[in-house]
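Comments concern the structure below.
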Amino acid sequence: IYKSLSFKTIWIGNQNPVKTFSFIMNECDSIIINKPQLSDYSNQKKLDSDLIPYFNRFTNGSQAKKLAIVHLAGNHWWYNKNFPDTFALFQPILENKIISPSNREKMINSYDNATLFTDYVLSEFIGTLSKKNALLIFLADHGQSFGEEGKWLHANNTDAEKNPACFIWLSEAYKEKYPDRSKTLELNKNSFINSSFLFHTILDGSDIKSPYIISSQSVFSDDFQQEKGNTDLKAE
């Protein structure tokens, strides 16, 4: 849809491609994969901050209409590889890959440090977009279990994993250009959603008119209908 409307598109990833999303990635005009020679489960640092220069170069380009899809490593296991030593604020952190109750505190500390670093990377993206007519949607694909119900990490059917982090940021220029959309988002900020909102909200937020948009699933729409779930949206 975006390419048919003359948007320049790019996939900037810090996870190696797999079949669950590579078909989406391959639709983009450009594809950047950070350090593809390293496994996503390697002990070596593979930092999301490596993506910042690629993001800045793309968003500062001359093309008027752009869509950047940034696939972060974020808080994926092994947590310690996802943040630099300077962000090891929460201590003690993991010293091995043993997943057990005795290691739980260290796992959570390492996870929180990765979260802190993700916040930093997102703040850099927002800084780049702050003077542009732009919006940023952040959506994690899952939460994380730390022993609740005897489950660990993700791919488990636990409440913790069903409540992934999500927020939408709008630049001042975007708010001025689309005041009604900004107001509607604010009204919907405490509504329950599921991840299916993303497709419809991205298109609607990009001022695209399409028969594929289901207005009841766009948080920019007055017709939005919240889900009966435990996933909440925060607007900033």
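The way I read the labels, and the way they are meant: chains A, B, ... in the order of the structure tokens, residue 1 as the first residue of every chain, and ligand 1 as the first ligand shown, with later ones counted on from there.
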
Residues of range 29-145 of chain A in helix (DSSP H, G or I), written as a ChimeraX atom specification:
/A:48-59,79-82,85-87,101-129

Excluding range 78-88 of chain A and residues on its chain fewer than 4 positions from it, collect all residues at most 10 Å away from it, counting only C-alpha atoms, and give them as a PyMOL selection string.
chain A and resi 14+40-49+72-74+92-97+107-118+120

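Using only C-alpha atoms, the shortest contact distance between Lys183 in chain A and any of A:Thr201, A:Ser221, A:Thr9, A:Asn34 is found at A:Ser221.
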
Find the residues near Gly143 in chain A: any atom within 7 Å, counting only C-alpha atoms, skip ones fewer than 2 places away on the same chain, and give them as a PyMOL selection string.
chain A and resi 154+160-164

CA of Thr20 in chain A and CA of Gly205 in chain A, how far apart in Å?
25.0 Å

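Counting only C-alpha atoms and comparing A:His200, A:Lys151, A:Lys35, A:Lys132, the residue that lies closest to Ser100 in chain A is A:Lys151.
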